[in-house]
>>> print(open('work-v1.cif').read())   # mmCIF, C-alpha atoms
data_my_file
loop_
_atom_site.label_atom_id
_atom_site.label_comp_id
_atom_site.auth_asym_id
_atom_site.auth_seq_id
_atom_site.Cartn_x
_atom_site.Cartn_y
_atom_site.Cartn_z
CA MET A 1 29.16 9.82 51.63
CA ASN A 2 25.50 9.33 50.84
CA THR A 3 24.93 13.07 50.74
CA LYS A 4 22.84 15.30 48.50
CA ILE A 5 24.89 18.17 47.05
CA GLY A 6 23.60 21.38 45.49
CA LEU A 7 26.03 23.53 43.50
CA ILE A 8 25.86 27.04 42.08
CA SER A 9 28.67 28.05 39.72
CA LEU A 10 29.18 31.76 39.13
CA GLY A 11 31.45 33.66 36.77
CA CYS A 12 33.35 32.42 33.75
CA ALA A 13 33.45 29.12 31.87
CA LYS A 14 36.82 28.32 33.46
CA ASN A 15 35.11 28.44 36.84
CA LEU A 16 32.40 26.13 35.51
CA VAL A 17 35.03 23.54 34.60
CA ASP A 18 36.34 23.75 38.18
CA SER A 19 32.78 23.14 39.39
CA GLU A 20 32.53 20.10 37.15
CA HIS A 21 35.79 18.80 38.60
CA MET A 22 34.50 19.16 42.17
CA LEU A 23 31.26 17.38 41.32
CA ALA A 24 33.21 14.47 39.83
CA LEU A 25 35.23 14.16 43.04
CA LEU A 26 32.07 14.21 45.16
CA ARG A 27 30.21 11.71 42.99
CA ALA A 28 33.20 9.38 43.27
CA GLN A 29 32.63 9.52 47.04
CA GLY A 30 28.97 8.52 46.67
CA CYS A 31 27.37 11.96 46.76
CA GLU A 32 24.22 12.72 44.78
CA VAL A 33 23.94 16.04 42.95
CA VAL A 34 20.50 17.68 43.12
CA GLU A 35 19.17 20.65 41.15
CA ASP A 36 16.69 21.77 43.79
CA MET A 37 18.66 23.48 46.54
CA ALA A 38 15.79 22.79 48.96
CA GLU A 39 16.77 19.11 48.74
CA ALA A 40 20.48 19.67 49.29
CA GLU A 41 22.21 18.69 52.52
CA VAL A 42 25.38 20.57 51.55
CA ALA A 43 25.48 23.56 49.20
CA ILE A 44 28.55 24.70 47.27
CA VAL A 45 28.81 28.20 45.82
CA ASN A 46 31.75 28.48 43.43
CA THR A 47 32.36 32.20 43.23
CA CYS A 48 33.84 34.82 40.94
CA GLY A 49 35.81 37.71 42.41
CA PHE A 50 36.98 39.50 39.28
CA ILE A 51 35.21 42.87 39.55
CA GLU A 52 32.89 44.60 42.01
CA ALA A 53 29.68 43.45 40.32
CA ALA A 54 30.83 39.83 40.39
CA LYS A 55 31.78 40.08 44.06
CA GLN A 56 28.36 41.49 44.94
CA GLU A 57 26.61 38.76 42.98
CA ALA A 58 28.65 36.15 44.84
CA ILE A 59 27.83 37.60 48.27
CA ASP A 60 24.13 37.86 47.41
CA THR A 61 24.11 34.26 46.21
CA ILE A 62 25.85 33.04 49.37
CA LEU A 63 23.30 34.78 51.58
CA GLU A 64 20.35 33.54 49.52
CA THR A 65 21.66 29.99 49.62
CA ALA A 66 22.22 30.16 53.38
CA GLN A 67 18.48 30.69 53.85
CA TYR A 68 17.92 27.03 52.98
CA LYS A 69 19.38 26.21 56.38
CA GLU A 70 16.18 27.56 57.90
CA GLY A 71 13.52 26.13 55.61
CA GLY A 72 15.23 23.23 53.87
CA LYS A 73 17.47 20.28 54.57
CA LEU A 74 20.71 22.24 54.29
CA ARG A 75 23.28 21.36 56.92
CA GLY A 76 26.37 23.03 55.49
CA LEU A 77 27.44 25.81 53.10
CA VAL A 78 30.79 25.65 51.29
CA VAL A 79 32.23 28.64 49.41
CA THR A 80 34.92 28.07 46.80
CA GLY A 81 36.56 29.96 43.93
CA CYS A 82 38.03 33.37 43.33
CA LEU A 83 36.08 35.31 45.99
CA ALA A 84 37.14 32.72 48.56
CA GLU A 85 40.77 32.99 47.45
CA ARG A 86 40.71 36.78 47.47
CA TYR A 87 38.98 37.26 50.82
CA ARG A 88 39.96 34.10 52.66
CA GLY A 89 39.95 35.73 56.09
CA GLU A 90 37.04 38.10 55.61
CA ILE A 91 34.53 35.47 54.47
CA ALA A 92 34.72 33.48 57.68
CA LYS A 93 34.55 36.66 59.74
CA GLU A 94 31.87 38.58 57.83
CA LEU A 95 29.71 35.65 56.66
CA PRO A 96 29.14 33.32 59.63
CA GLU A 97 26.60 31.44 57.50
CA VAL A 98 29.56 29.90 55.62
CA ASP A 99 30.83 26.62 57.07
CA ALA A 100 33.84 25.92 54.85
CA VAL A 101 36.01 27.95 52.48
CA LEU A 102 38.24 26.61 49.69
CA GLY A 103 40.71 28.66 47.66
CA THR A 104 41.43 28.21 43.96
CA GLY A 105 44.27 25.80 44.69
CA SER A 106 42.18 23.53 46.88
CA TYR A 107 39.39 22.05 44.77
CA GLU A 108 40.88 18.60 45.45
CA ASP A 109 39.87 19.08 49.10
CA ILE A 110 36.15 19.41 48.39
CA ALA A 111 35.20 15.96 49.72
CA ASP A 112 37.08 16.61 52.96
CA ALA A 113 35.33 19.96 53.29
CA VAL A 114 31.92 18.32 52.90
CA ARG A 115 32.80 15.73 55.56
CA GLU A 116 33.86 18.48 57.94
CA VAL A 117 30.69 20.52 57.61
CA LEU A 118 28.50 17.42 57.95
CA ALA A 119 30.31 16.76 61.21
CA GLY A 120 29.40 20.26 62.37
CA ARG A 121 32.91 21.69 62.09
CA LYS A 122 34.15 24.82 60.32
CA ALA A 123 36.91 24.27 57.75
CA ALA A 124 39.26 26.22 55.48
CA TYR A 125 41.56 24.95 52.73
CA PHE A 126 44.08 27.20 50.99
CA ARG A 127 46.80 25.49 49.03
CA ASP A 128 49.11 27.35 46.66
CA ALA A 129 46.93 28.50 43.74
CA ALA A 130 49.92 28.32 41.39
CA ALA A 131 50.32 24.62 42.18
CA ALA A 132 46.68 23.61 41.74
CA ALA A 133 46.01 20.29 40.00
CA LEU A 134 45.57 20.66 36.24
CA GLU A 135 44.06 17.24 35.63
CA GLY A 136 41.04 15.40 36.96
CA GLY A 137 37.67 13.97 36.02
CA ARG A 138 34.63 16.09 35.27
CA SER A 139 30.91 15.76 35.83
CA ARG A 140 29.69 18.10 33.12
CA LEU A 141 27.12 20.81 33.77
CA THR A 142 26.70 21.84 30.14
CA PRO A 143 24.22 20.25 27.70
CA SER A 144 25.41 16.93 26.29
CA TYR A 145 26.29 18.45 22.92
CA THR A 146 28.49 21.32 24.21
CA ALA A 147 31.59 21.16 26.42
CA TYR A 148 34.24 23.58 27.59
CA PHE A 149 37.82 22.42 27.13
CA LYS A 150 40.24 24.21 29.46
CA ILE A 151 43.77 23.92 28.09
CA ALA A 152 45.61 26.06 30.66
CA GLU A 153 45.21 27.56 34.10
CA GLY A 154 46.22 30.94 35.48
CA CYS A 155 47.64 33.95 33.68
CA SER A 156 51.03 35.65 33.40
CA ASN A 157 49.99 38.76 31.45
CA GLN A 158 49.97 41.09 34.50
CA CYS A 159 47.42 43.55 33.12
CA ALA A 160 47.26 46.53 35.47
CA TYR A 161 43.50 46.31 36.08
CA CYS A 162 43.30 42.53 36.61
CA ILE A 163 43.49 40.49 39.80
CA ILE A 164 43.42 37.06 38.09
CA PRO A 165 47.18 36.28 38.32
CA LYS A 166 47.02 36.78 42.09
CA LEU A 167 43.95 34.55 42.39
CA ARG A 168 44.89 31.83 39.90
CA GLY A 169 48.69 31.89 39.73
CA LYS A 170 50.96 32.04 36.72
CA TYR A 171 50.03 30.57 33.34
CA ARG A 172 50.34 26.76 33.28
CA SER A 173 49.61 24.79 30.12
CA ARG A 174 48.15 21.33 30.49
CA GLU A 175 50.16 18.48 29.00
CA PHE A 176 49.44 17.82 25.34
CA ASP A 177 48.70 14.11 25.70
CA ALA A 178 46.36 14.70 28.64
CA LEU A 179 44.40 17.18 26.57
CA LEU A 180 44.05 14.74 23.69
CA ALA A 181 42.85 12.02 26.05
CA GLU A 182 40.18 14.29 27.52
CA ALA A 183 39.13 15.50 24.07
CA ARG A 184 38.66 11.88 22.92
CA GLN A 185 36.46 11.21 25.93
CA LEU A 186 34.32 14.24 25.10
CA SER A 187 34.09 13.25 21.45
CA ASP A 188 33.12 9.69 22.37
CA ALA A 189 30.45 11.11 24.72
CA GLY A 190 28.76 12.84 21.79
CA VAL A 191 29.97 16.39 22.25
CA LYS A 192 29.44 18.34 19.03
CA GLU A 193 30.69 21.79 20.05
CA LEU A 194 34.05 21.91 21.81
CA ILE A 195 34.84 25.36 23.26
CA VAL A 196 38.58 25.77 23.81
CA ILE A 197 39.16 28.08 26.78
CA ALA A 198 41.88 29.58 28.94
CA GLN A 199 42.65 33.07 30.13
CA ASP A 200 44.76 33.27 26.93
CA ILE A 201 44.72 30.23 24.63
CA THR A 202 47.30 31.72 22.25
CA LYS A 203 50.03 31.18 24.85
CA TYR A 204 49.31 27.48 25.09
CA GLY A 205 52.49 25.43 25.24
CA LEU A 206 54.94 28.32 25.52
CA ASP A 207 55.67 27.31 29.11
CA LEU A 208 56.10 23.60 28.33
CA PRO A 209 59.59 22.09 27.85
CA ALA A 210 61.16 23.08 24.51
CA ARG A 211 57.87 24.68 23.44
CA ARG A 212 57.30 21.70 21.18
CA ARG A 213 53.52 21.48 21.27
CA LEU A 214 51.70 24.77 20.64
CA LEU A 215 48.11 25.79 19.91
CA PRO A 216 48.14 25.19 16.11
CA GLU A 217 49.21 21.57 16.58
CA LEU A 218 46.62 21.04 19.32
CA LEU A 219 43.87 22.42 17.08
CA ARG A 220 44.88 20.16 14.20
CA GLU A 221 44.57 17.14 16.48
CA LEU A 222 41.19 18.25 17.84
CA CYS A 223 39.87 18.65 14.30
CA LYS A 224 40.67 14.98 13.60
CA MET A 225 38.09 14.01 16.23
CA ASP A 226 34.34 13.72 15.80
CA PHE A 227 33.41 17.29 16.73
CA THR A 228 31.28 19.43 14.43
CA TRP A 229 32.45 22.77 15.82
CA VAL A 230 35.66 23.77 17.59
CA ARG A 231 35.24 27.25 19.05
CA LEU A 232 38.10 29.42 20.39
CA HIS A 233 38.05 31.68 23.48
CA TYR A 234 40.25 33.84 24.00
CA LEU A 235 43.05 34.87 21.62
CA TYR A 236 45.27 37.73 22.70
CA PRO A 237 46.16 40.00 19.77
CA ASP A 238 49.94 39.94 20.17
CA GLN A 239 50.19 36.14 19.95
CA ILE A 240 48.18 35.46 16.78
CA THR A 241 50.77 33.90 14.47
CA ASP A 242 50.67 33.17 10.74
CA GLU A 243 50.60 29.45 11.50
CA LEU A 244 47.61 29.87 13.84
CA VAL A 245 45.69 31.90 11.25
CA GLU A 246 46.48 29.26 8.63
CA VAL A 247 45.03 26.52 10.86
CA ILE A 248 41.90 28.53 11.70
CA ALA A 249 41.29 29.35 8.06
CA GLY A 250 42.05 25.88 6.76
CA GLU A 251 40.24 23.64 9.27
CA PRO A 252 36.49 23.51 8.49
CA LYS A 253 35.62 22.40 12.03
CA ILE A 254 37.10 25.54 13.61
CA VAL A 255 34.22 28.02 13.62
CA LYS A 256 35.10 31.34 12.04
CA TYR A 257 34.40 33.25 15.23
CA LEU A 258 37.29 34.65 17.22
CA ASP A 259 37.14 36.33 20.61
CA ILE A 260 40.11 38.70 20.77
CA PRO A 261 40.09 40.98 23.86
CA LEU A 262 41.54 44.37 22.83
CA GLN A 263 40.40 46.41 25.89
CA HIS A 264 41.22 49.77 24.21
CA VAL A 265 43.00 51.26 21.20
CA SER A 266 44.81 54.28 22.64
CA LYS A 267 48.51 53.43 22.93
CA ARG A 268 48.85 55.46 26.13
CA ILE A 269 45.88 53.75 27.76
CA LEU A 270 47.06 50.32 26.63
CA ARG A 271 50.53 50.93 28.06
CA ALA A 272 48.95 52.00 31.34
CA MET A 273 47.12 48.67 31.23
CA HIS A 274 50.45 46.88 30.46
CA ARG A 275 49.05 45.69 27.16
CA PRO A 276 50.58 45.85 23.67
CA GLY A 277 49.19 47.21 20.43
CA GLY A 278 47.20 50.25 19.43
CA ARG A 279 44.66 51.46 16.92
CA GLU A 280 46.90 51.05 13.89
CA GLU A 281 48.11 47.57 14.86
CA PHE A 282 44.60 46.38 15.69
CA THR A 283 43.19 47.76 12.45
CA GLN A 284 45.87 45.91 10.49
CA LEU A 285 45.27 42.72 12.48
CA ILE A 286 41.54 42.76 11.87
CA GLY A 287 42.03 43.51 8.19
CA MET A 288 44.46 40.61 7.87
CA LEU A 289 42.15 38.20 9.69
CA ARG A 290 39.14 39.14 7.60
CA GLY A 291 41.18 38.85 4.44
CA ARG A 292 42.47 35.36 5.26
CA ILE A 293 39.39 33.92 7.03
CA PRO A 294 36.27 34.38 4.87
CA GLY A 295 33.04 34.90 6.82
CA LEU A 296 34.88 35.74 10.03
CA THR A 297 32.87 37.05 12.99
CA LEU A 298 34.84 38.90 15.67
CA ARG A 299 34.16 39.52 19.35
CA THR A 300 36.15 41.75 21.66
CA SER A 301 35.96 43.22 25.15
CA LEU A 302 36.66 46.86 25.98
CA ILE A 303 37.21 48.86 29.15
CA VAL A 304 36.14 52.50 29.37
CA GLY A 305 37.04 54.89 32.15
CA LEU A 306 40.54 53.69 33.02
CA PRO A 307 42.10 56.37 35.24
CA GLY A 308 43.29 59.25 33.10
CA GLU A 309 41.30 58.29 29.99
CA THR A 310 40.67 61.60 28.21
CA GLU A 311 37.73 62.50 26.02
CA GLU A 312 40.12 62.42 23.05
CA GLU A 313 41.26 58.90 23.88
CA PHE A 314 37.66 57.78 24.29
CA ALA A 315 36.81 59.40 20.95
CA GLU A 316 39.69 57.46 19.39
CA LEU A 317 38.13 54.24 20.68
CA CYS A 318 34.73 55.18 19.24
CA GLY A 319 36.27 56.10 15.91
CA PHE A 320 38.01 52.74 15.75
CA LEU A 321 34.74 50.91 16.40
CA GLN A 322 33.00 52.87 13.66
CA ASP A 323 35.84 52.18 11.22
CA VAL A 324 36.28 48.43 11.74
CA GLY A 325 32.75 47.33 12.66
CA ILE A 326 33.53 44.49 15.08
CA GLU A 327 30.40 42.34 15.13
CA ARG A 328 30.37 41.51 18.86
CA VAL A 329 31.57 43.88 21.58
CA GLY A 330 31.34 43.64 25.34
CA VAL A 331 32.08 46.95 27.05
CA PHE A 332 32.80 47.34 30.76
CA GLU A 333 33.28 50.30 33.05
CA PHE A 334 36.67 50.27 34.76
CA SER A 335 36.39 48.78 38.24
CA PRO A 336 39.19 49.83 40.63
CA GLU A 337 39.97 46.48 42.22
CA GLU A 338 42.03 46.52 45.39
CA GLY A 339 45.36 44.83 44.92
CA THR A 340 45.71 45.93 41.30
CA GLU A 341 48.02 48.62 39.99
CA ALA A 342 45.24 50.44 38.12
CA ALA A 343 43.29 50.98 41.34
CA GLU A 344 46.12 53.23 42.54
CA LEU A 345 46.57 55.23 39.33
CA PRO A 346 45.94 58.98 39.49
CA GLY A 347 43.03 60.49 37.59
CA GLN A 348 40.27 58.12 38.71
CA ILE A 349 37.14 58.85 36.65
CA ASP A 350 33.74 59.38 38.24
CA GLY A 351 30.97 56.83 37.84
CA GLU A 352 28.71 59.09 35.81
CA THR A 353 31.39 59.64 33.16
CA LYS A 354 32.20 55.94 32.97
CA ALA A 355 28.52 55.07 32.58
CA ARG A 356 28.08 57.69 29.86
CA ARG A 357 31.04 56.34 27.90
CA ARG A 358 29.79 52.78 28.23
CA LEU A 359 26.35 53.77 26.92
CA ILE A 360 27.89 55.57 23.96
CA VAL A 361 29.84 52.45 22.99
CA GLU A 362 26.76 50.28 23.43
CA GLU A 363 24.78 52.61 21.16
CA LEU A 364 27.50 52.50 18.52
CA GLN A 365 27.56 48.73 18.79
CA SER A 366 23.80 48.39 18.45
CA ASN A 367 24.10 49.93 15.00
CA VAL A 368 26.85 47.45 14.08
CA ILE A 369 24.69 44.54 15.26
CA ASP A 370 21.74 45.84 13.22
CA ASP A 371 23.92 46.03 10.11
CA PHE A 372 25.37 42.58 10.76
CA ASN A 373 21.93 41.04 11.22
CA LEU A 374 20.71 42.78 8.07
CA SER A 375 23.58 41.21 6.15
CA ARG A 376 22.37 37.78 7.27
CA MET A 377 18.84 38.21 5.94
CA HIS A 378 17.76 35.45 3.54
CA GLN A 379 20.92 33.45 4.22
CA THR A 380 20.60 29.79 5.14
CA LEU A 381 22.68 29.00 8.21
CA ASP A 382 23.70 25.86 10.06
CA VAL A 383 22.11 26.12 13.50
CA LEU A 384 22.90 24.06 16.59
CA THR A 385 19.49 23.48 18.19
CA GLU A 386 19.34 24.20 21.93
CA GLY A 387 15.66 23.94 22.81
CA TYR A 388 12.03 24.83 22.20
CA ASP A 389 10.22 27.98 23.35
CA GLY A 390 6.69 26.88 24.12
CA ASP A 391 5.38 30.44 24.47
CA GLU A 392 6.59 31.42 21.01
CA GLY A 393 6.09 28.04 19.42
CA LEU A 394 9.62 28.19 18.02
CA TYR A 395 12.83 26.24 18.36
CA TYR A 396 16.02 28.15 19.11
CA GLY A 397 19.74 27.67 18.75
CA ARG A 398 22.97 29.28 17.60
CA SER A 399 24.97 29.66 14.41
CA TYR A 400 28.77 29.70 14.23
CA ALA A 401 28.57 33.47 14.80
CA ASP A 402 26.83 33.10 18.17
CA SER A 403 28.76 31.83 21.18
CA VAL A 404 27.22 30.40 24.33
CA GLU A 405 25.37 32.89 26.56
CA VAL A 406 27.14 36.03 25.28
CA ASP A 407 25.47 36.39 21.85
CA GLY A 408 21.96 36.25 20.46
CA LYS A 409 19.81 33.28 19.52
CA ILE A 410 18.26 32.12 16.28
CA PHE A 411 14.57 31.27 16.66
CA PHE A 412 13.05 29.14 13.95
CA ALA A 413 9.89 27.32 12.94
CA SER A 414 10.04 23.66 11.98
CA GLU A 415 7.29 21.38 10.69
CA THR A 416 8.98 18.38 12.32
CA ALA A 417 10.39 17.95 15.80
CA VAL A 418 14.03 18.86 16.41
CA GLU A 419 16.03 17.46 19.30
CA PRO A 420 18.50 19.61 21.27
CA GLY A 421 21.98 19.06 19.88
CA ALA A 422 20.78 18.57 16.31
CA PHE A 423 22.20 20.70 13.52
CA VAL A 424 19.58 22.04 11.12
CA ARG A 425 19.54 24.45 8.19
CA VAL A 426 17.62 27.66 8.88
CA ARG A 427 16.70 30.40 6.40
CA ILE A 428 16.85 33.79 8.12
CA ASP A 429 13.81 35.99 7.45
CA ASP A 430 13.78 38.65 10.19
CA SER A 431 15.54 39.97 13.28
CA LEU A 432 14.45 41.04 16.73
CA GLY A 433 17.19 42.98 18.51
CA ALA A 434 20.21 40.72 18.80
CA ASP A 435 18.15 37.64 17.87
CA LEU A 436 17.29 36.31 14.41
CA LEU A 437 14.09 34.67 13.21
CA GLY A 438 13.85 32.04 10.50
CA VAL A 439 12.39 28.83 9.14
CA ARG A 440 13.99 25.42 9.03
CA VAL A 441 14.88 24.29 5.53
CA GLU A 442 14.01 20.59 5.34
CA GLY A 443 16.14 18.11 3.45
#
>>> encode(input="work-v1.cif", output="structure tokens")
Amino acid sequence: MNTKIGLISLGCAKNLVDSEHMLALLRAQGCEVVEDMAEAEVAIVNTCGFIEAAKQEAIDTILETAQYKEGGKLRGLVVTGCLAERYRGEIAKELPEVDAVLGTGSYEDIADAVREVLAGRKAAYFRDAAAAALEGGRSRLTPSYTAYFKIAEGCSNQCAYCIIPKLRGKYRSREFDALLAEARQLSDAGVKELIVIAQDITKYGLDLPARRRLLPELLRELCKMDFTWVRLHYLYPDQITDELVEVIAGEPKIVKYLDIPLQHVSKRILRAMHRPGGREEFTQLIGMLRGRIPGLTLRTSLIVGLPGETEEEFAELCGFLQDVGIERVGVFEFSPEEGTEAAELPGQIDGETKARRRLIVEELQSNVIDDFNLSRMHQTLDVLTEGYDGDEGLYYGRSYADSVEVDGKIFFASETAVEPGAFVRVRIDDSLGADLLGVRVEG
């Protein structure tokens, strides 16, 4: 197929890896990938369908992309991903602009879908999501120095508020040797920051025969390769073992930044979510991690406004945040997603209350960020350079404490040119909100 393809990938990094897989399949068939959608003959929108905001973004993007059929060269529009899986019948009915739909188990069918739409035919592909292929080539969409490394697919945690198991199937670890082969390819390609991802990386290998190869062993092997940073997303709190902590603390290449989704601290709320732990357990966990991993930066995600959440339970969450001072927090208002248990719980909380609670947490967290940034003043940090801001006349990048897209940047002056992907030493002199300002230290 000598066809120009435009692709928009929405949602999480795991979805981005799926997009990279589809592009590799299409390029193998002779397709050309273009950045300008006005030049595309077929457009692919790989969607997220996790919460209401993500669904609305996906629908808006589909409709905006469809407009290129009128003023551009676009002949077909393909919708893939979680929204397609979740609303497989509704998309074709409600969005006639869409020419083909692929569920989360059907990425391997992307080339056939493109052929169908080029022939002027509608198409739909929905294989079993739980049996989706775990292996395949990738045509990376990230900068050359950073790559996501998906070690498992699906999720078996069954959190009451989450639709992911229904959209992606049960948790399936990729084979150990296949992972090492892909990691070597990425290392040989010059990747400097490897971001290990899955819905829950701590469960890696538990579903493989005899549970012989688990996350600590995988990390040790990755650290033998020519990466500078190995970054971990996401670690569930109940599966963080002594051996895993030992590896994280002892391997210099593993950045001391852990994303551990807690979601809440009230035991009653957590049990309603079907999640373990509580304020006391999480406080002990964080204390242990900080004691054993010097310089650790933590990130977590929280949900406010779960049905039945009382003011006392919300106050307990705020008190926990004030006590432990987690450096990075993402807070979300509960979204009652159809098909989830939590959507049917009694005591649904009104939008105004949820928004107020979210704003309170964000205000608390802004103080934590200010204190954290203040603690970094006059330190000299290793920074992975990402680009140059011509308006400000400054380069920018990230330290170990700043993950891709979710955290702040470090802007810095340099007397000599710095290429994207280069690691430089930067002395921090000031802060601006979540961002830091500094000067490159030469030599």
>>> resolve_selection(input="work-v1.cif", expression="the PyMOL selection byres ((chain A and resi 381-388) around 8)", output="short mmCIF file (atom, residue, chain, number, x, y, z; two decimals) with C-alpha atoms, in the frame of the given file")
data_model
loop_
_atom_site.label_atom_id
_atom_site.label_comp_id
_atom_site.auth_asym_id
_atom_site.auth_seq_id
_atom_site.Cartn_x
_atom_site.Cartn_y
_atom_site.Cartn_z
CA GLN A 379 20.92 33.45 4.22
CA THR A 380 20.60 29.79 5.14
CA ASP A 389 10.22 27.98 23.35
CA GLY A 390 6.69 26.88 24.12
CA GLY A 393 6.09 28.04 19.42
CA LEU A 394 9.62 28.19 18.02
CA TYR A 395 12.83 26.24 18.36
CA TYR A 396 16.02 28.15 19.11
CA GLY A 397 19.74 27.67 18.75
CA ARG A 398 22.97 29.28 17.60
CA SER A 399 24.97 29.66 14.41
CA TYR A 400 28.77 29.70 14.23
CA ILE A 410 18.26 32.12 16.28
CA VAL A 418 14.03 18.86 16.41
CA GLU A 419 16.03 17.46 19.30
CA PRO A 420 18.50 19.61 21.27
CA GLY A 421 21.98 19.06 19.88
CA ALA A 422 20.78 18.57 16.31
CA PHE A 423 22.20 20.70 13.52
CA VAL A 424 19.58 22.04 11.12
CA ARG A 425 19.54 24.45 8.19
CA VAL A 426 17.62 27.66 8.88
CA ARG A 427 16.70 30.40 6.40
CA ILE A 428 16.85 33.79 8.12
#
>>> atom_distance(input="work-v1.cif", atom1="atom CA of Val117 of chain A", atom2="atom CA of Glu41 of chain A")
10.1 Å
>>> closest_residue(input="work-v1.cif", among="A:Phe372, A:Phe176, A:Phe149, A:Tyr171", to="Gly433 of chain A", atoms="only C-alpha atoms")
A:Phe372
>>> resolve_selection(input="work-v1.cif", expression="the PyMOL selection byres ((chain A and resi 127-138) around 6)", output="ChimeraX atom specification")
/A:20-21,24,104-106,126,139-140,168-169
>>> residues_around(input="work-v1.cif", residues="Arg184 of chain A", least_positions_apart="5", cutoff="12 Å", atoms="all atoms listed in the file", output="compact mmCIF listing (two decimals) with C-alpha atoms, in the coordinates of the input")
# COMPACT_ATOMS: atom_id res chain seq x y z
CA PHE A 149 37.82 22.42 27.13
CA ASP A 177 48.70 14.11 25.70
CA ALA A 178 46.36 14.70 28.64
CA LEU A 179 44.40 17.18 26.57
CA ALA A 189 30.45 11.11 24.72
CA GLY A 190 28.76 12.84 21.79
CA VAL A 191 29.97 16.39 22.25
CA LYS A 192 29.44 18.34 19.03
CA LEU A 194 34.05 21.91 21.81
CA GLU A 221 44.57 17.14 16.48
CA LEU A 222 41.19 18.25 17.84
CA CYS A 223 39.87 18.65 14.30
CA LYS A 224 40.67 14.98 13.60
CA MET A 225 38.09 14.01 16.23
CA ASP A 226 34.34 13.72 15.80
CA PHE A 227 33.41 17.29 16.73
>>> resolve_selection(input="work-v1.cif", expression="the PyMOL selection byres ((chain A and resi 236) around 9)", output="compact mmCIF listing (two decimals) with C-alpha atoms, in the coordinates of the input")
# COMPACT_ATOMS: atom_id res chain seq x y z
CA ASP A 200 44.76 33.27 26.93
CA ILE A 201 44.72 30.23 24.63
CA THR A 202 47.30 31.72 22.25
CA LYS A 203 50.03 31.18 24.85
CA TYR A 234 40.25 33.84 24.00
CA LEU A 235 43.05 34.87 21.62
CA PRO A 237 46.16 40.00 19.77
CA ASP A 238 49.94 39.94 20.17
CA GLN A 239 50.19 36.14 19.95
CA ILE A 240 48.18 35.46 16.78
CA ASP A 259 37.14 36.33 20.61
CA ILE A 260 40.11 38.70 20.77
CA PRO A 261 40.09 40.98 23.86
CA LEU A 262 41.54 44.37 22.83
>>> build_atoms(input="work-v1.cif", residues="segment 141-150 of chain A", atoms="N, CA, C and O atoms", output="mmCIF file, keeping the file's coordinate frame")
data_model
loop_
_atom_site.group_PDB
_atom_site.id
_atom_site.type_symbol
_atom_site.label_atom_id
_atom_site.label_comp_id
_atom_site.auth_asym_id
_atom_site.auth_seq_id
_atom_site.Cartn_x
_atom_site.Cartn_y
_atom_site.Cartn_z
ATOM 1 N N LEU A 141 28.318 20.035 33.486
ATOM 2 C CA LEU A 141 27.120 20.810 33.770
ATOM 3 C C LEU A 141 26.517 21.432 32.520
ATOM 4 O O LEU A 141 25.449 22.039 32.581
ATOM 5 N N THR A 142 27.201 21.308 31.397
ATOM 6 C CA THR A 142 26.700 21.840 30.140
ATOM 7 C C THR A 142 25.798 20.810 29.457
ATOM 8 O O THR A 142 25.828 19.625 29.808
ATOM 9 N N PRO A 143 24.993 21.223 28.467
ATOM 10 C CA PRO A 143 24.220 20.250 27.700
ATOM 11 C C PRO A 143 25.139 19.208 27.077
ATOM 12 O O PRO A 143 26.323 19.461 26.843
ATOM 13 N N SER A 144 24.594 18.051 26.750
ATOM 14 C CA SER A 144 25.410 16.930 26.290
ATOM 15 C C SER A 144 26.186 17.232 25.025
ATOM 16 O O SER A 144 27.251 16.659 24.786
ATOM 17 N N TYR A 145 25.688 18.176 24.221
ATOM 18 C CA TYR A 145 26.290 18.450 22.920
ATOM 19 C C TYR A 145 27.361 19.535 22.957
ATOM 20 O O TYR A 145 28.046 19.770 21.967
ATOM 21 N N THR A 146 27.518 20.225 24.092
ATOM 22 C CA THR A 146 28.490 21.320 24.210
ATOM 23 C C THR A 146 29.377 21.082 25.426
ATOM 24 O O THR A 146 28.874 20.713 26.489
ATOM 25 N N ALA A 147 30.681 21.306 25.281
ATOM 26 C CA ALA A 147 31.590 21.160 26.420
ATOM 27 C C ALA A 147 32.692 22.205 26.336
ATOM 28 O O ALA A 147 33.174 22.539 25.250
ATOM 29 N N TYR A 148 33.066 22.723 27.498
ATOM 30 C CA TYR A 148 34.240 23.580 27.590
ATOM 31 C C TYR A 148 35.483 22.703 27.740
ATOM 32 O O TYR A 148 35.445 21.635 28.347
ATOM 33 N N PHE A 149 36.580 23.198 27.184
ATOM 34 C CA PHE A 149 37.820 22.420 27.130
ATOM 35 C C PHE A 149 38.948 23.346 27.584
ATOM 36 O O PHE A 149 39.493 24.122 26.803
ATOM 37 N N LYS A 150 39.264 23.289 28.884
ATOM 38 C CA LYS A 150 40.240 24.210 29.460
ATOM 39 C C LYS A 150 41.646 23.665 29.233
ATOM 40 O O LYS A 150 42.001 22.603 29.736
#
